[in-house]
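K.L.:
Could you have a look at this structure, given as C-alpha cells, before my questions?
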Amino acid sequence: IDFGLAPEYIGLVFLYVGVVLVLGQGGLVRVLTRKMCSRSIALIGLLVMPLPLYLFAYTAPSVSLSLLALFPVAIGASLVNPALTGLASLSAPPDRQGLALGVMRSAGSLGRAVGPLLGAYLYWMLGIASAYLILAGILLALFLFSFTLSGRAESAPVTQGSAS
C-alpha cells in the first residue's frame with residue numbers, strides 16, 4: 001500500500017506521532033499519576049491501542065484517517081512506557097532497581113530492533129491489514145495477560161505534596 005507521501009510528509013507524520021507522545025507523557029501521564037497507580041495507567045494504555053490498530057489496518061491509504069487512527073495508538077504508547085518503567089522499578093528491592101531498569105530498557109531496545117523486522121516480515125508475507133491485526137491481537141493478549149500478574153509492584157497514586 002502506498003500512501004503517496006513525499007519524504008518531507010513522512011517526516012511530518014513522525015513529528016505528529018512525536019508531539020502526541022510528548023503531550024501524552026508530559027501532560028496526560030502527569031495528571032493520571034495523581035489519580036491512579038502505574039499498573040492502571042499501563043492497562044489503560046494497553047486497552048486503547050488494539051482497536052485503533054485494527055482500524056488502522058483498513059484506513060490505508062487514506063492519510064487523514066490513518067492519522068486519526070494513529071492518535072490513540074500514540075496516546076496508549078505514551079501511557080504504557082512510563083508506567084511499565086515505574087512498575088519495573090517498584091517490583092525490585094531498592095538495591096536491585098538499577099538492574100530491573102536496565103533489563104527493562106534492554107528489553108525495550110530489543111523490541112525496537114525486532115519489532116520493525118517482524119512488522120516488515122508480516123507486511124510482505126501477509127499484507128498490511130494482517131500485520132496490524134496481528135499487532136492489535138498481541139496488545140490485546142498483553143492486556144489480558146496483565147491480569148494474571150501479581151499486584152505486588154503496584155504503586156499508589158501520587159498525592160499532592162508527596163512528589164514533584
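Identifiers for the C-alpha cells are assigned positionally: chains receive A, B, ... in sequence, residues are indexed from 1 per chain, and ligands are indexed from 1 in the order shown.
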Residues within 10 Å of segment 101-104 of chain A, please, as a ChimeraX atom specification. Count only C-alpha atoms; anything in the same chain fewer than 6 positions from it doesn't count.
P.N.:
/A:84-92,110
K.L.:
Restricting the calculation to only C-alpha atoms, which member of A:Leu12, A:Val17, A:Leu79, A:Leu51 is positioned closest to Cys37 of chain A?
P.N.:
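Nearest candidate to Cys37 of chain A out of A:Leu12, A:Val17, A:Leu79, A:Leu51: A:Leu79.
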K.L.:
Show me, as a list in words, the residues that have an atom within 9 Å of Pro52 of chain A when counting only C-alpha atoms, minus same-chain residues fewer than 5 positions from it.
P.N.:
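The contact residues come out as Ala57, Leu68, Ala69, Leu70, Phe71, Pro72, Val73 and Ala136 of chain A.
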K.L.:
For the residues in the current selection, export C-alpha atoms as a JSON list (two decimals), in the first residue's frame.
P.N.:
[["chain", "number", "residue", "atom", "x", "y", "z"],
["A", 57, "ALA", "CA", -5.34, -1.85, 9.06],
["A", 68, "LEU", "CA", -6.80, 9.79, 13.18],
["A", 69, "ALA", "CA", -6.35, 6.08, 13.99],
["A", 70, "LEU", "CA", -2.71, 6.68, 14.93],
["A", 71, "PHE", "CA", -3.59, 9.27, 17.60],
["A", 72, "PRO", "CA", -4.94, 6.82, 20.26],
["A", 73, "VAL", "CA", -2.11, 4.39, 19.46],
["A", 136, "ALA", "CA", -3.62, -5.48, 17.74]]
K.L.:
How close does each residue of segment 22-60 of chain A get to segment 122-131 of chain A, giving the shortest atom pair and distance in Å to one decimal for every residue with an atom at most 9 Å away, counting only C-alpha atoms, sorted by chain and residue number, as a tab-separated table?
P.N.:
residue	atom	partner	partner_atom	distance
A:Tyr54	CA	A:Ala129	CA	8.0
A:Phe56	CA	A:Ala129	CA	8.0
A:Ala57	CA	A:Ala129	CA	4.3
A:Tyr58	CA	A:Ala129	CA	6.4
A:Ala60	CA	A:Ile128	CA	8.6
K.L.:
Hey, which of A:Ala83, A:Leu139, A:Leu5, A:Val13 ends up closest to Leu32 of chain A? Count only C-alpha atoms.
P.N.:
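Counting only C-alpha atoms, the residue closest to Leu32 of chain A is A:Ala83.
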K.L.:
Could you tell me how far atom CA of Phe3 of chain A lies from atom CA of Ser62 of chain A, in Å and to one decimal?
P.N.:
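Those two atoms sit 7.0 Å apart.
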K.L.:
Go ahead and compute the interatomic distance for atom CA of Gly119 of chain A and atom CA of Met49 of chain A, in Å to one decimal.
P.N.:
16.1 Å
K.L.:
To one decimal place, how far is atom CA of Gly137 of chain A from atom CA of Leu65 of chain A in Å?
P.N.:
20.8 Å
K.L.:
DSSP says alpha helix (DSSP H) for which residues of segment 6-130 of chain A? Put them as a PDB file with C-alpha atoms, in the first residue's frame?
P.N.:
ATOM      1  CA  PRO A   7       9.796  12.198   2.281  1.00  0.00           C
ATOM      2  CA  GLU A   8       9.075  15.576   3.896  1.00  0.00           C
ATOM      3  CA  TYR A   9       5.496  14.495   4.603  1.00  0.00           C
ATOM      4  CA  ILE A  10       6.686  11.211   6.069  1.00  0.00           C
ATOM      5  CA  GLY A  11       8.831  13.341   8.380  1.00  0.00           C
ATOM      6  CA  LEU A  12       5.725  15.308   9.358  1.00  0.00           C
ATOM      7  CA  VAL A  13       3.974  12.054  10.278  1.00  0.00           C
ATOM      8  CA  PHE A  14       6.866  11.228  12.612  1.00  0.00           C
ATOM      9  CA  LEU A  15       6.653  14.759  14.025  1.00  0.00           C
ATOM     10  CA  TYR A  16       2.912  14.260  14.621  1.00  0.00           C
ATOM     11  CA  VAL A  17       3.500  10.996  16.487  1.00  0.00           C
ATOM     12  CA  GLY A  18       6.340  12.566  18.481  1.00  0.00           C
ATOM     13  CA  VAL A  19       4.219  15.540  19.529  1.00  0.00           C
ATOM     14  CA  VAL A  20       1.369  13.239  20.598  1.00  0.00           C
ATOM     15  CA  LEU A  21       3.829  11.127  22.621  1.00  0.00           C
ATOM     16  CA  VAL A  22       5.300  14.205  24.317  1.00  0.00           C
ATOM     17  CA  LEU A  23       1.868  15.607  25.149  1.00  0.00           C
ATOM     18  CA  VAL A  29       0.655  10.807  32.478  1.00  0.00           C
ATOM     19  CA  ARG A  30       1.313  13.637  34.932  1.00  0.00           C
ATOM     20  CA  VAL A  31      -2.427  14.030  35.591  1.00  0.00           C
ATOM     21  CA  LEU A  32      -3.152  10.298  35.748  1.00  0.00           C
ATOM     22  CA  THR A  33      -0.313   9.502  38.177  1.00  0.00           C
ATOM     23  CA  SER A  38       1.097   2.752  37.454  1.00  0.00           C
ATOM     24  CA  ARG A  39      -0.496  -0.621  36.754  1.00  0.00           C
ATOM     25  CA  SER A  40      -3.852   1.005  35.970  1.00  0.00           C
ATOM     26  CA  ILE A  41      -2.174   3.529  33.688  1.00  0.00           C
ATOM     27  CA  ALA A  42      -0.372   0.729  31.829  1.00  0.00           C
ATOM     28  CA  LEU A  43      -3.642  -1.193  31.483  1.00  0.00           C
ATOM     29  CA  ILE A  44      -5.412   1.853  30.059  1.00  0.00           C
ATOM     30  CA  GLY A  45      -2.583   2.312  27.567  1.00  0.00           C
ATOM     31  CA  LEU A  46      -2.740  -1.333  26.519  1.00  0.00           C
ATOM     32  CA  LEU A  47      -6.509  -1.162  26.220  1.00  0.00           C
ATOM     33  CA  VAL A  48      -6.683   1.911  23.976  1.00  0.00           C
ATOM     34  CA  PRO A  50      -5.742  -2.551  19.820  1.00  0.00           C
ATOM     35  CA  LEU A  51      -8.953  -1.099  18.329  1.00  0.00           C
ATOM     36  CA  PRO A  52      -7.231   1.831  16.569  1.00  0.00           C
ATOM     37  CA  LEU A  53      -4.603  -0.586  15.216  1.00  0.00           C
ATOM     38  CA  TYR A  54      -7.414  -2.773  13.921  1.00  0.00           C
ATOM     39  CA  LEU A  55      -8.944   0.312  12.273  1.00  0.00           C
ATOM     40  CA  PHE A  56      -5.529   1.408  11.016  1.00  0.00           C
ATOM     41  CA  ALA A  57      -5.342  -1.847   9.062  1.00  0.00           C
ATOM     42  CA  TYR A  58      -8.276  -0.650   6.974  1.00  0.00           C
ATOM     43  CA  THR A  59      -7.701   3.121   6.791  1.00  0.00           C
ATOM     44  CA  VAL A  63      -3.629   9.683   5.248  1.00  0.00           C
ATOM     45  CA  SER A  64      -6.196  11.641   7.277  1.00  0.00           C
ATOM     46  CA  LEU A  65      -7.993   8.508   8.529  1.00  0.00           C
ATOM     47  CA  SER A  66      -4.681   6.829   9.281  1.00  0.00           C
ATOM     48  CA  LEU A  67      -3.501   9.839  11.301  1.00  0.00           C
ATOM     49  CA  LEU A  68      -6.796   9.794  13.176  1.00  0.00           C
ATOM     50  CA  ALA A  69      -6.352   6.084  13.994  1.00  0.00           C
ATOM     51  CA  LEU A  70      -2.711   6.685  14.935  1.00  0.00           C
ATOM     52  CA  PHE A  71      -3.587   9.274  17.604  1.00  0.00           C
ATOM     53  CA  PRO A  72      -4.937   6.816  20.258  1.00  0.00           C
ATOM     54  CA  VAL A  73      -2.109   4.392  19.459  1.00  0.00           C
ATOM     55  CA  ALA A  74       0.434   7.100  20.271  1.00  0.00           C
ATOM     56  CA  ILE A  75      -1.507   8.097  23.404  1.00  0.00           C
ATOM     57  CA  GLY A  76      -1.584   4.450  24.522  1.00  0.00           C
ATOM     58  CA  ALA A  77       2.156   4.122  23.983  1.00  0.00           C
ATOM     59  CA  SER A  78       2.735   7.346  25.917  1.00  0.00           C
ATOM     60  CA  LEU A  79       0.889   5.791  28.867  1.00  0.00           C
ATOM     61  CA  VAL A  80       2.401   2.305  28.722  1.00  0.00           C
ATOM     62  CA  ASN A  81       6.088   3.191  28.526  1.00  0.00           C
ATOM     63  CA  PRO A  82       6.443   5.340  31.674  1.00  0.00           C
ATOM     64  CA  ALA A  83       4.005   3.157  33.625  1.00  0.00           C
ATOM     65  CA  LEU A  84       5.981  -0.006  32.872  1.00  0.00           C
ATOM     66  CA  THR A  85       9.229   1.735  33.784  1.00  0.00           C
ATOM     67  CA  GLY A  86       7.702   2.705  37.132  1.00  0.00           C
ATOM     68  CA  LEU A  87       6.433  -0.820  37.707  1.00  0.00           C
ATOM     69  CA  ALA A  88       9.852  -2.288  36.888  1.00  0.00           C
ATOM     70  CA  SER A  89      11.436  -0.006  39.466  1.00  0.00           C
ATOM     71  CA  LEU A  90       8.808  -0.801  42.102  1.00  0.00           C
ATOM     72  CA  SER A  91       9.000  -4.548  41.528  1.00  0.00           C
ATOM     73  CA  GLN A  97      16.310  -1.274  40.997  1.00  0.00           C
ATOM     74  CA  GLY A  98      19.158  -0.387  38.648  1.00  0.00           C
ATOM     75  CA  LEU A  99      19.247  -3.967  37.412  1.00  0.00           C
ATOM     76  CA  ALA A 100      15.468  -4.036  36.943  1.00  0.00           C
ATOM     77  CA  LEU A 101      15.510  -0.771  34.994  1.00  0.00           C
ATOM     78  CA  GLY A 102      18.484  -1.951  32.924  1.00  0.00           C
ATOM     79  CA  VAL A 103      16.686  -5.158  31.990  1.00  0.00           C
ATOM     80  CA  MET A 104      13.560  -3.140  31.185  1.00  0.00           C
ATOM     81  CA  ARG A 105      15.473  -0.738  28.925  1.00  0.00           C
ATOM     82  CA  SER A 106      17.318  -3.633  27.254  1.00  0.00           C
ATOM     83  CA  ALA A 107      14.033  -5.416  26.568  1.00  0.00           C
ATOM     84  CA  GLY A 108      12.667  -2.181  25.098  1.00  0.00           C
ATOM     85  CA  SER A 109      15.703  -1.843  22.842  1.00  0.00           C
ATOM     86  CA  LEU A 110      15.338  -5.438  21.719  1.00  0.00           C
ATOM     87  CA  GLY A 111      11.670  -4.798  20.959  1.00  0.00           C
ATOM     88  CA  ARG A 112      12.532  -1.698  18.927  1.00  0.00           C
ATOM     89  CA  ALA A 113      15.039  -3.786  16.942  1.00  0.00           C
ATOM     90  CA  VAL A 114      12.936  -6.927  16.435  1.00  0.00           C
ATOM     91  CA  GLY A 115       9.539  -5.206  16.128  1.00  0.00           C
ATOM     92  CA  PRO A 116      10.183  -3.497  12.789  1.00  0.00           C
ATOM     93  CA  LEU A 117      11.726  -6.679  11.385  1.00  0.00           C
ATOM     94  CA  LEU A 118       8.697  -8.711  12.428  1.00  0.00           C
ATOM     95  CA  GLY A 119       6.356  -5.997  11.158  1.00  0.00           C
ATOM     96  CA  ALA A 120       8.120  -5.875   7.787  1.00  0.00           C
ATOM     97  CA  TYR A 121       8.009  -9.652   7.505  1.00  0.00           C
ATOM     98  CA  LEU A 122       4.278  -9.757   8.311  1.00  0.00           C
ATOM     99  CA  TYR A 123       3.624  -6.857   5.926  1.00  0.00           C
ATOM    100  CA  TRP A 124       5.398  -8.502   2.994  1.00  0.00           C
ATOM    101  CA  MET A 125       4.175 -12.044   3.665  1.00  0.00           C
ATOM    102  CA  LEU A 126       0.594 -11.379   4.787  1.00  0.00           C
ATOM    103  CA  ILE A 128      -0.660  -4.540   5.744  1.00  0.00           C
ATOM    104  CA  ALA A 129      -4.031  -5.470   7.239  1.00  0.00           C
ATOM    105  CA  SER A 130      -2.707  -8.728   8.678  1.00  0.00           C
TER     106      SER A 130
END
